file model-v6.txt (compact mmCIF, N, CA and C atoms)
# COMPACT_ATOMS: atom_id res chain seq x y z
N MET A 1 94.59 184.50 101.72
CA MET A 1 95.86 183.98 102.17
C MET A 1 96.64 183.46 100.97
N LYS A 2 97.94 183.73 101.00
CA LYS A 2 98.78 183.37 99.86
C LYS A 2 99.88 182.43 100.30
N ILE A 3 100.03 181.35 99.57
CA ILE A 3 101.14 180.42 99.78
C ILE A 3 102.15 180.66 98.67
N ASN A 4 103.40 180.81 99.03
CA ASN A 4 104.46 181.02 98.06
C ASN A 4 105.07 179.66 97.72
N LEU A 5 104.73 179.13 96.56
CA LEU A 5 105.23 177.81 96.17
C LEU A 5 106.74 177.79 95.96
N SER A 6 107.34 178.92 95.64
CA SER A 6 108.80 178.97 95.51
C SER A 6 109.47 178.68 96.85
N VAL A 7 108.87 179.17 97.93
CA VAL A 7 109.41 178.88 99.26
C VAL A 7 109.20 177.41 99.59
N ILE A 8 108.05 176.87 99.25
CA ILE A 8 107.78 175.45 99.48
C ILE A 8 108.84 174.62 98.75
N GLU A 9 109.15 174.98 97.52
CA GLU A 9 110.16 174.26 96.74
C GLU A 9 111.52 174.28 97.44
N GLN A 10 111.88 175.43 97.99
CA GLN A 10 113.17 175.53 98.68
C GLN A 10 113.21 174.65 99.93
N ILE A 11 112.13 174.66 100.68
CA ILE A 11 112.07 173.84 101.90
C ILE A 11 112.06 172.35 101.54
N GLU A 12 111.25 171.99 100.57
CA GLU A 12 111.04 170.58 100.25
C GLU A 12 112.21 169.93 99.52
N SER A 13 112.81 170.63 98.56
CA SER A 13 113.80 169.98 97.69
C SER A 13 115.05 170.81 97.45
N SER A 14 115.16 171.96 98.10
CA SER A 14 116.25 172.91 97.83
C SER A 14 116.27 173.30 96.35
N GLY A 15 115.10 173.28 95.72
CA GLY A 15 114.99 173.66 94.31
C GLY A 15 115.45 172.60 93.33
N ASN A 16 115.60 171.37 93.79
CA ASN A 16 116.06 170.28 92.91
C ASN A 16 114.86 169.50 92.37
N PRO A 17 114.57 169.62 91.06
CA PRO A 17 113.41 168.93 90.49
C PRO A 17 113.56 167.40 90.49
N LEU A 18 114.77 166.90 90.69
CA LEU A 18 115.00 165.45 90.69
C LEU A 18 115.09 164.87 92.11
N ALA A 19 114.77 165.69 93.11
CA ALA A 19 114.83 165.23 94.49
C ALA A 19 113.82 164.11 94.73
N GLU A 20 114.26 163.13 95.52
CA GLU A 20 113.38 162.03 95.89
C GLU A 20 113.68 161.64 97.33
N ASN A 21 112.65 161.62 98.14
CA ASN A 21 112.79 161.24 99.54
C ASN A 21 112.70 159.73 99.64
N LYS A 22 113.79 159.10 100.05
CA LYS A 22 113.83 157.63 100.10
C LYS A 22 112.84 157.08 101.12
N ALA A 23 112.60 157.79 102.21
CA ALA A 23 111.69 157.31 103.25
C ALA A 23 110.22 157.38 102.82
N SER A 24 109.80 158.54 102.31
CA SER A 24 108.39 158.73 101.97
C SER A 24 108.08 158.46 100.50
N GLY A 25 109.12 158.48 99.67
CA GLY A 25 108.92 158.30 98.24
C GLY A 25 108.52 159.58 97.53
N ALA A 26 108.40 160.69 98.27
CA ALA A 26 107.99 161.96 97.67
C ALA A 26 109.00 162.38 96.60
N ARG A 27 108.48 163.04 95.56
CA ARG A 27 109.32 163.37 94.41
C ARG A 27 109.19 164.83 93.97
N GLY A 28 110.29 165.31 93.40
CA GLY A 28 110.28 166.59 92.69
C GLY A 28 110.40 167.81 93.57
N LEU A 29 110.22 168.95 92.94
CA LEU A 29 110.39 170.25 93.60
C LEU A 29 109.59 170.40 94.88
N CYS A 30 108.32 170.02 94.82
CA CYS A 30 107.42 170.21 95.98
C CYS A 30 107.23 168.92 96.77
N GLN A 31 108.01 167.89 96.43
CA GLN A 31 107.97 166.61 97.12
C GLN A 31 106.54 166.04 97.20
N ILE A 32 105.98 165.83 96.03
CA ILE A 32 104.64 165.25 95.91
C ILE A 32 104.70 163.77 96.25
N THR A 33 103.76 163.32 97.08
CA THR A 33 103.69 161.90 97.44
C THR A 33 102.77 161.18 96.47
N LYS A 34 102.90 159.87 96.43
CA LYS A 34 102.05 159.04 95.56
C LYS A 34 100.58 159.22 95.93
N ILE A 35 100.28 159.26 97.22
CA ILE A 35 98.88 159.42 97.64
C ILE A 35 98.30 160.76 97.18
N CYS A 36 99.12 161.80 97.19
CA CYS A 36 98.66 163.12 96.72
C CYS A 36 98.40 163.07 95.21
N LEU A 37 99.31 162.46 94.46
CA LEU A 37 99.11 162.35 93.02
C LEU A 37 97.90 161.48 92.70
N ASP A 38 97.71 160.40 93.44
CA ASP A 38 96.53 159.55 93.22
C ASP A 38 95.26 160.35 93.45
N ASP A 39 95.25 161.19 94.48
CA ASP A 39 94.10 162.04 94.76
C ASP A 39 93.87 163.02 93.61
N TYR A 40 94.94 163.63 93.13
CA TYR A 40 94.83 164.53 91.98
C TYR A 40 94.22 163.79 90.79
N ASN A 41 94.74 162.61 90.49
CA ASN A 41 94.26 161.85 89.34
C ASN A 41 92.79 161.43 89.49
N LEU A 42 92.36 161.14 90.70
CA LEU A 42 90.95 160.80 90.93
C LEU A 42 90.03 161.98 90.62
N THR A 43 90.51 163.18 90.91
CA THR A 43 89.69 164.36 90.69
C THR A 43 89.87 164.97 89.29
N HIS A 44 90.81 164.43 88.53
CA HIS A 44 91.07 164.90 87.17
C HIS A 44 91.15 163.70 86.21
N PRO A 45 90.03 163.01 86.01
CA PRO A 45 90.08 161.77 85.20
C PRO A 45 90.53 161.98 83.75
N LYS A 46 90.39 163.18 83.24
CA LYS A 46 90.81 163.44 81.85
C LYS A 46 92.21 164.06 81.77
N LYS A 47 92.84 164.27 82.93
CA LYS A 47 94.17 164.88 82.97
C LYS A 47 95.11 164.04 83.83
N GLN A 48 95.14 162.76 83.62
CA GLN A 48 95.97 161.86 84.41
C GLN A 48 97.46 162.20 84.27
N ILE A 49 98.15 162.13 85.39
CA ILE A 49 99.59 162.38 85.42
C ILE A 49 100.26 161.13 85.97
N ALA A 50 101.29 160.67 85.28
CA ALA A 50 102.03 159.49 85.70
C ALA A 50 102.95 159.82 86.88
N TRP A 51 103.20 158.82 87.70
CA TRP A 51 104.06 159.00 88.86
C TRP A 51 105.46 159.49 88.46
N ASP A 52 106.02 158.92 87.41
CA ASP A 52 107.36 159.35 86.97
C ASP A 52 107.39 160.81 86.51
N ALA A 53 106.24 161.36 86.18
CA ALA A 53 106.17 162.76 85.74
C ALA A 53 106.36 163.74 86.90
N MET A 54 106.41 163.26 88.13
CA MET A 54 106.60 164.16 89.26
C MET A 54 108.00 164.76 89.30
N PHE A 55 108.89 164.30 88.43
CA PHE A 55 110.21 164.92 88.30
C PHE A 55 110.17 166.09 87.30
N ASP A 56 109.05 166.26 86.61
CA ASP A 56 108.87 167.37 85.68
C ASP A 56 108.45 168.59 86.52
N PRO A 57 109.25 169.66 86.52
CA PRO A 57 108.94 170.82 87.37
C PRO A 57 107.54 171.39 87.15
N TYR A 58 107.12 171.49 85.90
CA TYR A 58 105.80 172.06 85.61
C TYR A 58 104.69 171.21 86.23
N LEU A 59 104.75 169.91 86.01
CA LEU A 59 103.69 169.02 86.52
C LEU A 59 103.73 168.91 88.04
N ASN A 60 104.92 168.92 88.61
CA ASN A 60 105.04 168.88 90.06
C ASN A 60 104.40 170.11 90.68
N ARG A 61 104.69 171.27 90.11
CA ARG A 61 104.09 172.52 90.59
C ARG A 61 102.57 172.51 90.40
N LEU A 62 102.12 171.95 89.28
CA LEU A 62 100.69 171.88 89.00
C LEU A 62 99.96 171.11 90.10
N VAL A 63 100.50 169.97 90.47
CA VAL A 63 99.88 169.16 91.52
C VAL A 63 99.96 169.87 92.87
N ALA A 64 101.10 170.47 93.18
CA ALA A 64 101.24 171.19 94.44
C ALA A 64 100.25 172.36 94.52
N ALA A 65 100.12 173.10 93.43
CA ALA A 65 99.18 174.23 93.40
C ALA A 65 97.75 173.74 93.59
N TRP A 66 97.39 172.65 92.91
CA TRP A 66 96.05 172.07 93.08
C TRP A 66 95.83 171.71 94.55
N TYR A 67 96.81 171.07 95.16
CA TYR A 67 96.67 170.64 96.55
C TYR A 67 96.47 171.84 97.48
N PHE A 68 97.31 172.87 97.33
CA PHE A 68 97.23 174.04 98.20
C PHE A 68 95.98 174.87 97.95
N PHE A 69 95.63 175.07 96.68
CA PHE A 69 94.60 176.06 96.35
C PHE A 69 93.23 175.48 96.05
N GLU A 70 93.13 174.15 95.90
CA GLU A 70 91.83 173.52 95.69
C GLU A 70 91.53 172.45 96.72
N ARG A 71 92.44 171.50 96.86
CA ARG A 71 92.18 170.35 97.73
C ARG A 71 92.11 170.74 99.20
N LEU A 72 93.14 171.44 99.70
CA LEU A 72 93.11 171.81 101.11
C LEU A 72 91.96 172.74 101.46
N PRO A 73 91.64 173.77 100.65
CA PRO A 73 90.47 174.59 100.99
C PRO A 73 89.17 173.77 101.08
N HIS A 74 89.01 172.81 100.18
CA HIS A 74 87.83 171.93 100.23
C HIS A 74 87.82 171.12 101.53
N PHE A 75 88.96 170.55 101.87
CA PHE A 75 89.09 169.77 103.10
C PHE A 75 88.80 170.65 104.33
N PHE A 76 89.40 171.83 104.37
CA PHE A 76 89.19 172.73 105.50
C PHE A 76 87.72 173.10 105.64
N SER A 77 87.07 173.37 104.53
CA SER A 77 85.65 173.71 104.56
C SER A 77 84.81 172.54 105.08
N ALA A 78 85.09 171.35 104.58
CA ALA A 78 84.32 170.16 104.97
C ALA A 78 84.46 169.86 106.46
N PHE A 79 85.64 170.10 107.02
CA PHE A 79 85.87 169.78 108.42
C PHE A 79 85.90 171.01 109.32
N GLN A 80 85.47 172.16 108.78
CA GLN A 80 85.38 173.42 109.52
C GLN A 80 86.71 173.76 110.20
N ILE A 81 87.78 173.69 109.42
CA ILE A 81 89.12 174.04 109.89
C ILE A 81 89.45 175.44 109.39
N PRO A 82 89.89 176.31 110.25
CA PRO A 82 90.24 177.67 109.81
C PRO A 82 91.36 177.62 108.75
N PRO A 83 91.19 178.36 107.65
CA PRO A 83 92.19 178.34 106.58
C PRO A 83 93.36 179.28 106.85
N THR A 84 94.08 179.02 107.94
CA THR A 84 95.22 179.86 108.31
C THR A 84 96.48 179.36 107.60
N LEU A 85 97.47 180.22 107.51
CA LEU A 85 98.75 179.84 106.93
C LEU A 85 99.32 178.63 107.67
N GLU A 86 99.28 178.67 108.99
CA GLU A 86 99.82 177.58 109.79
C GLU A 86 99.11 176.26 109.48
N ASN A 87 97.78 176.29 109.32
CA ASN A 87 97.05 175.06 109.03
C ASN A 87 97.38 174.52 107.64
N PHE A 88 97.57 175.40 106.67
CA PHE A 88 97.96 174.95 105.33
C PHE A 88 99.33 174.28 105.37
N LEU A 89 100.27 174.94 106.03
CA LEU A 89 101.63 174.40 106.10
C LEU A 89 101.67 173.11 106.91
N PHE A 90 100.92 173.06 107.99
CA PHE A 90 100.84 171.86 108.82
C PHE A 90 100.32 170.70 107.97
N ALA A 91 99.21 170.91 107.28
CA ALA A 91 98.61 169.85 106.47
C ALA A 91 99.55 169.38 105.37
N TYR A 92 100.26 170.31 104.75
CA TYR A 92 101.18 169.93 103.68
C TYR A 92 102.34 169.12 104.23
N ASN A 93 102.83 169.50 105.38
CA ASN A 93 103.99 168.83 105.95
C ASN A 93 103.64 167.51 106.64
N ALA A 94 102.59 167.50 107.43
CA ALA A 94 102.30 166.33 108.27
C ALA A 94 101.06 165.56 107.84
N GLY A 95 100.27 166.14 106.95
CA GLY A 95 99.06 165.46 106.49
C GLY A 95 97.81 165.99 107.17
N THR A 96 96.70 165.81 106.50
CA THR A 96 95.43 166.32 107.02
C THR A 96 94.95 165.55 108.24
N ARG A 97 95.20 164.26 108.29
CA ARG A 97 94.78 163.46 109.45
C ARG A 97 95.52 163.95 110.71
N THR A 98 96.81 164.20 110.58
CA THR A 98 97.60 164.67 111.72
C THR A 98 97.14 166.07 112.14
N LEU A 99 96.83 166.92 111.17
CA LEU A 99 96.32 168.25 111.49
C LEU A 99 95.02 168.14 112.29
N ARG A 100 94.11 167.29 111.86
CA ARG A 100 92.84 167.14 112.60
C ARG A 100 93.08 166.65 114.02
N LYS A 101 93.98 165.70 114.20
CA LYS A 101 94.29 165.20 115.55
C LYS A 101 94.87 166.31 116.41
N TYR A 102 95.71 167.13 115.80
CA TYR A 102 96.31 168.26 116.52
C TYR A 102 95.22 169.26 116.93
N LEU A 103 94.35 169.62 116.01
CA LEU A 103 93.30 170.60 116.31
C LEU A 103 92.30 170.07 117.33
N GLN A 104 92.13 168.75 117.37
CA GLN A 104 91.22 168.15 118.37
C GLN A 104 91.95 167.88 119.69
N LYS A 105 93.20 168.36 119.76
CA LYS A 105 94.03 168.25 120.96
C LYS A 105 94.31 166.80 121.35
N GLU A 106 94.34 165.91 120.35
CA GLU A 106 94.69 164.51 120.59
C GLU A 106 96.21 164.32 120.61
N ILE A 107 96.91 165.21 119.90
CA ILE A 107 98.37 165.14 119.82
C ILE A 107 98.93 166.56 119.84
N GLY A 108 100.22 166.66 120.12
CA GLY A 108 100.89 167.95 120.01
C GLY A 108 101.39 168.12 118.58
N MET A 109 101.89 169.32 118.30
CA MET A 109 102.44 169.58 116.98
C MET A 109 103.76 168.81 116.83
N PRO A 110 103.91 168.05 115.75
CA PRO A 110 105.19 167.38 115.54
C PRO A 110 106.32 168.39 115.42
N GLU A 111 107.48 168.07 115.98
CA GLU A 111 108.63 168.97 115.95
C GLU A 111 109.01 169.32 114.51
N GLU A 112 108.99 168.34 113.62
CA GLU A 112 109.33 168.61 112.22
C GLU A 112 108.39 169.65 111.63
N THR A 113 107.11 169.57 111.97
CA THR A 113 106.12 170.51 111.45
C THR A 113 106.35 171.91 112.03
N ARG A 114 106.66 171.98 113.31
CA ARG A 114 106.95 173.28 113.92
C ARG A 114 108.13 173.94 113.20
N ARG A 115 109.19 173.17 112.94
CA ARG A 115 110.35 173.71 112.23
C ARG A 115 109.99 174.10 110.79
N TYR A 116 109.13 173.31 110.15
CA TYR A 116 108.71 173.57 108.78
C TYR A 116 108.00 174.93 108.69
N ILE A 117 107.09 175.17 109.61
CA ILE A 117 106.34 176.43 109.63
C ILE A 117 107.29 177.60 109.89
N GLU A 118 108.20 177.42 110.83
CA GLU A 118 109.17 178.49 111.13
C GLU A 118 110.05 178.79 109.92
N LYS A 119 110.50 177.74 109.25
CA LYS A 119 111.36 177.92 108.08
C LYS A 119 110.60 178.64 106.97
N TYR A 120 109.35 178.26 106.75
CA TYR A 120 108.55 178.94 105.72
C TYR A 120 108.45 180.43 106.04
N LYS A 121 108.13 180.75 107.27
CA LYS A 121 107.98 182.15 107.65
C LYS A 121 109.30 182.91 107.49
N GLU A 122 110.39 182.29 107.86
CA GLU A 122 111.71 182.93 107.73
C GLU A 122 112.06 183.17 106.26
N LEU A 123 111.84 182.19 105.42
CA LEU A 123 112.19 182.33 104.00
C LEU A 123 111.22 183.26 103.24
N SER A 124 110.07 183.51 103.83
CA SER A 124 109.07 184.37 103.18
C SER A 124 109.26 185.85 103.48
N LYS A 125 110.19 186.16 104.35
CA LYS A 125 110.40 187.58 104.73
C LYS A 125 110.97 188.37 103.58
call {"tool": "encode", "arguments": {"input": "model-v6.txt", "output": "structure tokens"}}
result
Amino acid sequence: MKINLSVIEQIESSGNPLAENKASGARGLCQITKICLDDYNLTHPKKQIAWDAMFDPYLNRLVAAWYFFERLPHFFSAFQIPPTLENFLFAYNAGTRTLRKYLQKEIGMPEETRRYIEKYKELSK
């Protein structure tokens, strides 16, 4: 399965490397959150990235790629979650905890996440 990070960038920031979400604090092209960067830094003790560096397109993409191609597959494997495109996009948009609640039928899919998945599919055509 392939995730197109260029499409993620368009959805998340409209391609603006200086984008910052005032509500969540997410930054940069792929709208990396502080918790995601902290997780990256925990798993890369010799390659620490500062929070302010999330406005750097290269570093923002690096963290996003790590999350999509290393972190989420590990999480999916640990919790026996099918590695579908929808599950990757759901987890990126709404978080892994929300994805697990959805898969366990504790909650419905958030409307924002449904639109996010649809937009990704539309822009990927």
call {"tool": "atom_distance", "arguments": {"input": "model-v6.txt", "atom1": "atom N of Asn60 in chain A", "atom2": "atom N of Gln31 in chain A"}}
result
8.5 Å
call {"tool": "residues_around", "arguments": {"input": "model-v6.txt", "residues": "Val63 in chain A", "least_positions_apart": "3", "cutoff": "8 Å", "atoms": "all atoms listed in the file", "output": "list of chain:residue names"}}
result
A:Ile32, A:Cys36, A:Leu37, A:Tyr40, A:Pro57, A:Tyr58, A:Leu59, A:Asn60, A:Trp66, A:Tyr67, A:Phe68, A:Phe69
call {"tool": "residues_around", "arguments": {"input": "model-v6.txt", "residues": "Glu86 in chain A", "least_positions_apart": "4", "cutoff": "7 Å", "atoms": "all atoms listed in the file", "output": "ChimeraX atom specification"}}
result
/A:90-91,117
call {"tool": "closest_residue", "arguments": {"input": "model-v6.txt", "among": "A:Phe75, A:Lys22, A:Asn93, A:Ile11", "to": "Thr113 in chain A", "atoms": "only N, CA and C atoms"}}
result
A:Asn93
call {"tool": "residues_around", "arguments": {"input": "model-v6.txt", "residues": "Glu70 in chain A", "least_positions_apart": "6", "cutoff": "12 Å", "atoms": "only C-alpha atoms", "output": "ChimeraX atom specification"}}
result
/A:39-40,43,62-64,76-77,83,88
call {"tool": "select_by_dssp", "arguments": {"input": "model-v6.txt", "residues": "range 13-89 of chain A", "states": "helix (DSSP H, G or I)", "output": "ChimeraX atom specification"}}
result
/A:13,34-43,51-55,57-78,85-89
call {"tool": "atom_distance", "arguments": {"input": "model-v6.txt", "atom1": "CA of Glu122 in chain A", "atom2": "CA of Leu99 in chain A"}}
result
21.6 Å
call {"tool": "closest_residue", "arguments": {"input": "model-v6.txt", "among": "A:Leu85, A:Leu29, A:Asn4, A:Lys119", "to": "Asn16 in chain A", "atoms": "only C-alpha atoms"}}
result
A:Leu29
call {"tool": "atom_distance", "arguments": {"input": "model-v6.txt", "atom1": "CA of Pro82 in chain A", "atom2": "CA of Arg27 in chain A"}}
result
28.4 Å
call {"tool": "residues_around", "arguments": {"input": "model-v6.txt", "residues": "Ser6 in chain A", "least_positions_apart": "5", "cutoff": "10 Å", "atoms": "only C-alpha atoms", "output": "PyMOL selection string"}}
result
chain A and resi 11-12+14-15+29-30+61+123-124
call {"tool": "closest_residue", "arguments": {"input": "model-v6.txt", "among": "A:Tyr120, A:Glu106, A:Gln48, A:Arg114", "to": "Ile8 in chain A", "atoms": "only N, CA and C atoms"}}
result
A:Tyr120
call {"tool": "decode", "arguments": {"input": "model-v6.txt", "residues": "range 56-82 of chain A", "atoms": "N, CA and C atoms", "output": "PDB file, in the first residue's frame"}}
result
ATOM      1  N   ASP A  56      10.322  23.422   8.683  1.00  0.00           N
ATOM      2  CA  ASP A  56      11.277  23.053   7.638  1.00  0.00           C
ATOM      3  C   ASP A  56      10.636  21.934   6.809  1.00  0.00           C
ATOM      4  N   PRO A  57      10.402  22.158   5.519  1.00  0.00           N
ATOM      5  CA  PRO A  57       9.712  21.150   4.703  1.00  0.00           C
ATOM      6  C   PRO A  57      10.369  19.765   4.735  1.00  0.00           C
ATOM      7  N   TYR A  58      11.690  19.734   4.666  1.00  0.00           N
ATOM      8  CA  TYR A  58      12.385  18.439   4.664  1.00  0.00           C
ATOM      9  C   TYR A  58      12.131  17.682   5.964  1.00  0.00           C
ATOM     10  N   LEU A  59      12.304  18.350   7.085  1.00  0.00           N
ATOM     11  CA  LEU A  59      12.141  17.678   8.386  1.00  0.00           C
ATOM     12  C   LEU A  59      10.685  17.318   8.654  1.00  0.00           C
ATOM     13  N   ASN A  60       9.768  18.160   8.223  1.00  0.00           N
ATOM     14  CA  ASN A  60       8.354  17.863   8.390  1.00  0.00           C
ATOM     15  C   ASN A  60       7.986  16.605   7.610  1.00  0.00           C
ATOM     16  N   ARG A  61       8.458  16.524   6.378  1.00  0.00           N
ATOM     17  CA  ARG A  61       8.208  15.327   5.554  1.00  0.00           C
ATOM     18  C   ARG A  61       8.872  14.095   6.162  1.00  0.00           C
ATOM     19  N   LEU A  62      10.060  14.274   6.719  1.00  0.00           N
ATOM     20  CA  LEU A  62      10.780  13.159   7.340  1.00  0.00           C
ATOM     21  C   LEU A  62       9.952  12.554   8.471  1.00  0.00           C
ATOM     22  N   VAL A  63       9.409  13.395   9.324  1.00  0.00           N
ATOM     23  CA  VAL A  63       8.600  12.903  10.442  1.00  0.00           C
ATOM     24  C   VAL A  63       7.300  12.274   9.929  1.00  0.00           C
ATOM     25  N   ALA A  64       6.664  12.903   8.955  1.00  0.00           N
ATOM     26  CA  ALA A  64       5.434  12.345   8.392  1.00  0.00           C
ATOM     27  C   ALA A  64       5.691  10.978   7.756  1.00  0.00           C
ATOM     28  N   ALA A  65       6.780  10.860   7.010  1.00  0.00           N
ATOM     29  CA  ALA A  65       7.115   9.579   6.375  1.00  0.00           C
ATOM     30  C   ALA A  65       7.383   8.513   7.431  1.00  0.00           C
ATOM     31  N   TRP A  66       8.119   8.875   8.483  1.00  0.00           N
ATOM     32  CA  TRP A  66       8.367   7.929   9.576  1.00  0.00           C
ATOM     33  C   TRP A  66       7.041   7.465  10.167  1.00  0.00           C
ATOM     34  N   TYR A  67       6.139   8.399  10.414  1.00  0.00           N
ATOM     35  CA  TYR A  67       4.860   8.056  11.033  1.00  0.00           C
ATOM     36  C   TYR A  67       4.058   7.104  10.142  1.00  0.00           C
ATOM     37  N   PHE A  68       3.952   7.426   8.850  1.00  0.00           N
ATOM     38  CA  PHE A  68       3.177   6.598   7.935  1.00  0.00           C
ATOM     39  C   PHE A  68       3.824   5.244   7.670  1.00  0.00           C
ATOM     40  N   PHE A  69       5.137   5.232   7.472  1.00  0.00           N
ATOM     41  CA  PHE A  69       5.789   4.025   6.970  1.00  0.00           C
ATOM     42  C   PHE A  69       6.496   3.183   8.022  1.00  0.00           C
ATOM     43  N   GLU A  70       6.646   3.717   9.238  1.00  0.00           N
ATOM     44  CA  GLU A  70       7.252   2.938  10.319  1.00  0.00           C
ATOM     45  C   GLU A  70       6.344   2.839  11.539  1.00  0.00           C
ATOM     46  N   ARG A  71       5.916   3.984  12.039  1.00  0.00           N
ATOM     47  CA  ARG A  71       5.153   4.003  13.287  1.00  0.00           C
ATOM     48  C   ARG A  71       3.782   3.349  13.145  1.00  0.00           C
ATOM     49  N   LEU A  72       3.002   3.781  12.151  1.00  0.00           N
ATOM     50  CA  LEU A  72       1.677   3.189  11.992  1.00  0.00           C
ATOM     51  C   LEU A  72       1.719   1.698  11.670  1.00  0.00           C
ATOM     52  N   PRO A  73       2.606   1.219  10.781  1.00  0.00           N
ATOM     53  CA  PRO A  73       2.661  -0.228  10.564  1.00  0.00           C
ATOM     54  C   PRO A  73       2.977  -1.009  11.849  1.00  0.00           C
ATOM     55  N   HIS A  74       3.861  -0.472  12.674  1.00  0.00           N
ATOM     56  CA  HIS A  74       4.171  -1.123  13.957  1.00  0.00           C
ATOM     57  C   HIS A  74       2.929  -1.163  14.848  1.00  0.00           C
ATOM     58  N   PHE A  75       2.233  -0.039  14.937  1.00  0.00           N
ATOM     59  CA  PHE A  75       1.016   0.040  15.734  1.00  0.00           C
ATOM     60  C   PHE A  75      -0.041  -0.938  15.212  1.00  0.00           C
ATOM     61  N   PHE A  76      -0.250  -0.940  13.900  1.00  0.00           N
ATOM     62  CA  PHE A  76      -1.248  -1.835  13.312  1.00  0.00           C
ATOM     63  C   PHE A  76      -0.911  -3.295  13.598  1.00  0.00           C
ATOM     64  N   SER A  77       0.355  -3.644  13.493  1.00  0.00           N
ATOM     65  CA  SER A  77       0.780  -5.012  13.770  1.00  0.00           C
ATOM     66  C   SER A  77       0.534  -5.375  15.241  1.00  0.00           C
ATOM     67  N   ALA A  78       0.901  -4.485  16.140  1.00  0.00           N
ATOM     68  CA  ALA A  78       0.752  -4.742  17.575  1.00  0.00           C
ATOM     69  C   ALA A  78      -0.708  -4.930  17.976  1.00  0.00           C
ATOM     70  N   PHE A  79      -1.605  -4.188  17.333  1.00  0.00           N
ATOM     71  CA  PHE A  79      -3.020  -4.261  17.696  1.00  0.00           C
ATOM     72  C   PHE A  79      -3.865  -5.026  16.681  1.00  0.00           C
ATOM     73  N   GLN A  80      -3.192  -5.732  15.762  1.00  0.00           N
ATOM     74  CA  GLN A  80      -3.847  -6.559  14.750  1.00  0.00           C
ATOM     75  C   GLN A  80      -4.907  -5.768  13.969  1.00  0.00           C
ATOM     76  N   ILE A  81      -4.505  -4.598  13.503  1.00  0.00           N
ATOM     77  CA  ILE A  81      -5.362  -3.740  12.695  1.00  0.00           C
ATOM     78  C   ILE A  81      -4.968  -3.911  11.233  1.00  0.00           C
ATOM     79  N   PRO A  82      -5.915  -4.163  10.364  1.00  0.00           N
ATOM     80  CA  PRO A  82      -5.578  -4.318   8.942  1.00  0.00           C
ATOM     81  C   PRO A  82      -4.933  -3.034   8.394  1.00  0.00           C
TER      82      PRO A  82
END
